[in-house]
Amino acid sequence: MSSGKNNLNTEKENNVGKPSNFIKYIIDDDLKNGKNESRVHTRFPPEPNGYLHIGHAKSICLNFGVARDYNGLCNLRFDDTNPVKEEDEYVKSIIEDVKWLGFDWEDRLYFASDYFEQMYEYAVELIRKDKAYVDDLNAEQIREYRGTLTTAGKESPYRNRSVEESLDLFARMRAGEFPDGSKVLRAKIDMASSNMNMRDPVMYRILHASHHRTGDAWSIYPMYDWAHGLEDSLEGITHSICTLEFEDHRPLYDWFLENLDGVHHPQQIEFARLNLTYTLMSKRKLLRLVNENYVSGWDDPRMPTLAGMRRRGIPPASIRDFADRIGVAKADSIVDRAMLDSCIREDLNKNAKRVMVVLDPVKVVITNYPENTVEELTAENNPEDENAGHRTIPFSREIYIEREDFLEEAPKKFFRMVPGREVRLKHAYYVTCTNFVKNDAGELTEIHCEYDPATKGGWSDDGRKVKGTLHWVSVPHAIDAEVRLYDHLFTKENPDESRDERDFTEFLNPDSLVTLQNCKAEPGLRECTPGERFQFLRKGYFCSDSKEFTSEKPVFNRIVTMRDAWQKKDKK
RNA sequence: UGGGGCGUCGCCAAGUUGGCAAGGCACAGGAUUUUGGUUCCUGCAUUCGGAGGUUCGAGUCCUCCCGCCUCAGCCA
């Protein structure tokens, strides 16, 4: 695998002529008008309260991609304004994930908590301008006073207290004089606004909680709406890209920045978040999958988390490619998982070394092959990459082939092993089945074949038609491996859709993980490193498990199957 | 029922002075192939949520209607 940086450069060059999106039109326009001194500066602002998933990857690729395309900058900023939900463990995993995806924020790693003091001063400025006030209403009362979607709210009885009093109260809130929930600082806007966000939104709440970075220095913490625009402003962000549900917050984002003196005012732009078929993106539901042990953890290879996808073996470049292909727009959508799979296959077809592994083995004896003889055959590592080189694999009188590659009686289009029919053993010889053995239960236990010594390497010049080619592993040389076959986590395209009252866990796919213990792999695989990706010839793309693989006990994860025209036909 | 958004092929998605519907995925045929893989051809929206209107000409402009998403945390 090549480094992320090189991939990025290649992508940049290929970017010429790529489809545009509405955000780029906005930026082009701003640049044309000389807005922001012609700078482009974005940011990816995760809250460190959970693991990143492929939906975040879309946002990361968008923000860093826009910066790259316009020779701008993109910051990584943790939006850590809520101490009770955030943990340091998450900042570590997020940093790891963004790096793994291939992006670099250089020295621009920021934390909202670094701006707490500045934010406090800005809040004081608003109070002085009589645009914010301390409210003594409790949470329930505030909700009642807020009104509903169709009816206006009422003003708090504390709304018109003096600037001096609010100033004093706010300072004492900070000093920790009041219990949690007893007071808040609110912006003084319009309790009758048709936009609920403008009905005197809360700017600060009292929280006697220890923060992962500021410890116990603060007993008040800023709310998202107040904090986010300030963070963007302080960092000189030009385009603050977020998801659709913040569209209603934009007037408030703008209001705060307009009512502060001499601050930089970034432009908020909203786009539709990613949804993918057969999986979920909600943090809350993913957390349930982990907590209720439906999966083995945040990095379970079936999870849409970046940690899970990394463990599964999905190349980061294929995720970037995916992000480019799905585009950016404002329409709600749910992308077909097949689109991601296609990106993964395209990458792996080019980059994954081919090896032979028999997942469901049955023994074949080549009756006319000499006993106690081993031949070292040459095999190319990747027909799509000349530089991948060749390797040598042992061949002997007894080999394993895939159980499903043999049929006693063949249907019309089946061109694998059938009694009396000649097939090719990849890289080895042509063989013809002469006999087979079954046990009392009627299960196939052994196949007998004869080989043609003149076809070494798997080829003859006489124009013989050999339609079927099988993968195989030499019995005395085979190593045992555990292979985990992964499939969709859910059986339903949109498990989130709650048509009836059914819980999404009811749509969990019982076959999302099938573990095979008795797989036979070519001996070279013992030496592979954890996290290495391969194509198991004819079976799919696999990755040695980054946590559990050892040469004593090799474990492989299936990343994605091969495209399979035969199986497809079968289903019809 | 108030506000904000969105509706172009099965799924994404281009369409930016109104000028004759990109591309990808999926799907279907065919060719090549020591992976039923790859690659390569070919096909796949007389039509843009619907109805009217303006115009020589409309996915793009106007009007009305329909559908979907979203907002009433001291979460982000």
# chains A, B, ... in the order shown; residues from 1 in each chain; ligands from 1
>>> select_by_dssp(residues="region 176-350 of chain A", states="strand (DSSP E or B)", output="PyMOL selection string")
chain A and resi 184-187+202-206+211+215+220-222+239-243+267-271+276+305+335
>>> closest_atom_pairs(of="chain B", to="chain A", cutoff="8 Å", atoms="only C-alpha atoms (C1' of nucleotides)", output="Markdown table")
| residue | atom | partner | partner_atom | distance |
| --- | --- | --- | --- | --- |
| B:U1 | C1' | A:Thr150 | CA | 6.9 |
| B:G2 | C1' | A:Thr150 | CA | 4.2 |
| B:G3 | C1' | A:Ser194 | CA | 5.0 |
| B:G4 | C1' | A:Asp248 | CA | 5.7 |
| B:G5 | C1' | A:Glu247 | CA | 7.7 |
| B:C6 | C1' | A:Ala331 | CA | 5.2 |
| B:G7 | C1' | A:Ala331 | CA | 7.9 |
| B:C11 | C1' | A:Asp336 | CA | 5.4 |
| B:C12 | C1' | A:Ile326 | CA | 5.4 |
| B:A13 | C1' | A:Gly327 | CA | 6.6 |
| B:A14 | C1' | A:Pro19 | CA | 6.4 |
| B:U16 | C1' | A:Tyr25 | CA | 7.9 |
| B:G24 | C1' | A:Arg325 | CA | 6.5 |
| B:C25 | C1' | A:Met339 | CA | 5.0 |
| B:A26 | C1' | A:Ala338 | CA | 7.6 |
| B:U34 | C1' | A:Lys426 | CA | 5.9 |
| B:U35 | C1' | A:Arg538 | CA | 5.0 |
| B:G36 | C1' | A:Trp566 | CA | 5.1 |
| B:G37 | C1' | A:Met562 | CA | 6.5 |
| B:U38 | C1' | A:Asn349 | CA | 7.5 |
| B:C69 | C1' | A:Asp332 | CA | 6.9 |
| B:U70 | C1' | A:Glu245 | CA | 6.2 |
| B:C71 | C1' | A:Met196 | CA | 6.8 |
| B:A72 | C1' | A:Thr148 | CA | 5.1 |
| B:C74 | C1' | A:Arg205 | CA | 5.1 |
| B:A76 | C1' | A:Tyr224 | CA | 6.3 |
>>> closest_residue(among="B:U46, B:G10, B:G18, B:C27", to="C61 (chain B)", atoms="only C-alpha atoms (C1' of nucleotides)")
B:G18
>>> select_by_dssp(residues="region 268-430 of chain A", states="alpha helix (DSSP H)", output="PyMOL selection string")
chain A and resi 283-291+306-312+316-326+337-351
>>> residues_around(residues="Ala132 (chain A)", least_positions_apart="3", cutoff="12 Å", atoms="only C-alpha atoms (C1' of nucleotides)", output="number ranges by chain")
A: 122-129, 135, 158-167, 170, 184-190, 200-204, 226, 256, 259-260
>>> atom_distance(atom1="CA of Asp254 (chain A)", atom2="CA of Ser240 (chain A)")
11.7 Å
>>> residues_around(residues="region 545-555 of chain A", least_positions_apart="5", cutoff="6 Å", atoms="only C-alpha atoms (C1' of nucleotides)", output="short mmCIF file (atom, residue, chain, number, x, y, z; two decimals) with N, CA, C and O atoms, in the first residue's frame")
data_model
loop_
_atom_site.label_atom_id
_atom_site.label_comp_id
_atom_site.auth_asym_id
_atom_site.auth_seq_id
_atom_site.Cartn_x
_atom_site.Cartn_y
_atom_site.Cartn_z
N ALA A 481 -6.11 -22.15 8.89
CA ALA A 481 -6.43 -20.75 9.16
C ALA A 481 -7.89 -20.62 9.55
O ALA A 481 -8.73 -21.44 9.17
N GLU A 482 -8.15 -19.58 10.34
CA GLU A 482 -9.54 -19.23 10.66
C GLU A 482 -9.91 -18.07 9.75
O GLU A 482 -9.15 -17.12 9.60
N VAL A 483 -11.08 -18.20 9.12
CA VAL A 483 -11.50 -17.13 8.23
C VAL A 483 -12.89 -16.65 8.66
O VAL A 483 -13.79 -17.46 8.90
N ARG A 526 1.75 -17.80 6.36
CA ARG A 526 2.17 -17.83 7.76
C ARG A 526 3.02 -16.59 8.07
O ARG A 526 3.02 -16.08 9.18
N PRO A 530 0.12 -8.68 10.44
CA PRO A 530 -1.27 -8.32 10.77
C PRO A 530 -1.70 -7.09 9.98
O PRO A 530 -0.92 -6.14 9.83
N GLY A 531 -2.90 -7.12 9.47
CA GLY A 531 -3.42 -5.98 8.72
C GLY A 531 -3.05 -5.99 7.24
O GLY A 531 -3.31 -5.01 6.55
#
>>> closest_residue(among="A:Ile314, A:Val84, A:Ile237, A:Cys61", to="His212 (chain A)", atoms="only C-alpha atoms")
A:Val84
>>> residues_around(residues="C20 (chain B)", least_positions_apart="5", cutoff="12 Å", atoms="only C-alpha atoms (C1' of nucleotides)", output="compact mmCIF listing (two decimals) with all heavy atoms, in the first residue's frame")
# COMPACT_ATOMS: atom_id res chain seq x y z
P U B 46 -38.03 8.35 -21.08
OP1 U B 46 -38.65 9.13 -20.03
OP2 U B 46 -38.84 7.36 -21.82
O5' U B 46 -37.39 9.34 -22.14
C5' U B 46 -37.88 9.27 -23.46
C4' U B 46 -38.10 10.68 -23.87
O4' U B 46 -37.69 10.89 -25.23
C3' U B 46 -39.57 11.16 -23.85
O3' U B 46 -39.95 11.52 -22.51
C2' U B 46 -39.49 12.40 -24.75
O2' U B 46 -39.09 13.54 -24.04
C1' U B 46 -38.39 11.97 -25.77
N1 U B 46 -38.92 11.62 -27.08
C2 U B 46 -38.75 12.53 -28.08
O2 U B 46 -38.20 13.60 -27.91
N3 U B 46 -39.28 12.16 -29.30
C4 U B 46 -39.92 10.99 -29.59
O4 U B 46 -40.35 10.80 -30.73
C5 U B 46 -40.06 10.08 -28.49
C6 U B 46 -39.59 10.42 -27.29
P U B 47 -41.40 11.40 -22.03
OP1 U B 47 -41.72 9.97 -21.75
OP2 U B 47 -42.11 12.16 -23.05
O5' U B 47 -41.52 12.23 -20.66
C5' U B 47 -41.09 11.67 -19.42
C4' U B 47 -39.85 12.39 -18.93
O4' U B 47 -38.80 12.17 -19.88
C3' U B 47 -39.98 13.91 -18.85
O3' U B 47 -40.45 14.24 -17.55
C2' U B 47 -38.55 14.41 -19.06
O2' U B 47 -37.88 14.66 -17.86
C1' U B 47 -37.85 13.23 -19.72
N1 U B 47 -37.13 13.50 -20.98
C2 U B 47 -37.02 14.80 -21.46
O2 U B 47 -37.53 15.73 -20.93
N3 U B 47 -36.27 14.93 -22.60
C4 U B 47 -35.64 13.95 -23.29
O4 U B 47 -35.00 14.23 -24.29
C5 U B 47 -35.80 12.62 -22.75
C6 U B 47 -36.52 12.45 -21.64
P G B 57 -42.37 28.80 -27.67
OP1 G B 57 -43.46 27.81 -27.63
OP2 G B 57 -42.49 30.07 -26.94
O5' G B 57 -41.02 28.07 -27.23
C5' G B 57 -40.74 26.76 -27.75
C4' G B 57 -39.35 26.34 -27.34
O4' G B 57 -38.41 27.33 -27.81
C3' G B 57 -39.10 26.28 -25.84
O3' G B 57 -39.52 25.02 -25.34
C2' G B 57 -37.59 26.44 -25.75
O2' G B 57 -36.93 25.23 -26.04
C1' G B 57 -37.33 27.43 -26.88
N9 G B 57 -37.26 28.81 -26.42
C8 G B 57 -38.20 29.80 -26.59
N7 G B 57 -37.83 30.95 -26.09
C5 G B 57 -36.57 30.70 -25.55
C6 G B 57 -35.68 31.57 -24.87
O6 G B 57 -35.83 32.77 -24.61
N1 G B 57 -34.51 30.91 -24.49
C2 G B 57 -34.25 29.59 -24.74
N2 G B 57 -33.09 29.12 -24.31
N3 G B 57 -35.08 28.77 -25.38
C4 G B 57 -36.21 29.38 -25.75
P A B 58 -39.99 24.89 -23.82
OP1 A B 58 -40.36 23.46 -23.59
OP2 A B 58 -41.01 25.96 -23.62
O5' A B 58 -38.69 25.27 -23.00
C5' A B 58 -37.57 24.35 -22.78
C4' A B 58 -37.37 24.18 -21.30
O4' A B 58 -37.19 25.51 -20.76
C3' A B 58 -38.59 23.56 -20.66
O3' A B 58 -38.42 22.21 -20.25
C2' A B 58 -39.02 24.51 -19.54
O2' A B 58 -38.94 23.90 -18.30
C1' A B 58 -38.00 25.65 -19.61
N9 A B 58 -38.57 27.00 -19.59
C8 A B 58 -39.80 27.46 -19.99
N7 A B 58 -40.00 28.74 -19.81
C5 A B 58 -38.79 29.15 -19.23
C6 A B 58 -38.33 30.40 -18.79
N6 A B 58 -39.06 31.51 -18.87
N1 A B 58 -37.10 30.46 -18.27
C2 A B 58 -36.37 29.34 -18.20
N3 A B 58 -36.70 28.10 -18.60
C4 A B 58 -37.92 28.09 -19.10
>>> residues_around(residues="Phe116 (chain A)", least_positions_apart="5", cutoff="10 Å", atoms="only C-alpha atoms (C1' of nucleotides)", output="PDB file with C-alpha atoms, in the first residue's frame")
ATOM      1  CA  THR A  81     -18.090  22.192  25.349  1.00  0.00           C
ATOM      2  CA  PHE A 111      -9.942  22.608  21.252  1.00  0.00           C
ATOM      3  CA  GLU A 121     -15.391  37.926  27.578  1.00  0.00           C
ATOM      4  CA  TYR A 122     -17.542  37.995  24.458  1.00  0.00           C
ATOM      5  CA  THR A 214      -9.807  22.312  31.810  1.00  0.00           C
ATOM      6  CA  TRP A 218     -15.013  26.282  35.074  1.00  0.00           C
ATOM      7  CA  ILE A 220     -20.220  27.277  33.511  1.00  0.00           C
ATOM      8  CA  TYR A 221     -19.945  25.865  29.999  1.00  0.00           C
ATOM      9  CA  PRO A 222     -20.988  27.407  26.689  1.00  0.00           C
ATOM     10  CA  ALA A 227     -19.539  28.496  21.055  1.00  0.00           C
ATOM     11  CA  GLU A 231     -14.538  28.933  17.484  1.00  0.00           C
TER      12      GLU A 231
END
>>> residues_around(residues="Pro394 (chain A)", least_positions_apart="5", cutoff="12 Å", atoms="only C-alpha atoms (C1' of nucleotides)", output="list in words")
Met356, Thr373, Val374, Glu375, Glu376, Leu377, Thr378, Ala379, Ile399, His427, Ala428, Trp472, Val473, Ser474, Val475, Pro476, His477, Ala478, Ala521, Glu522, Pro523 and Gly524 of chain A
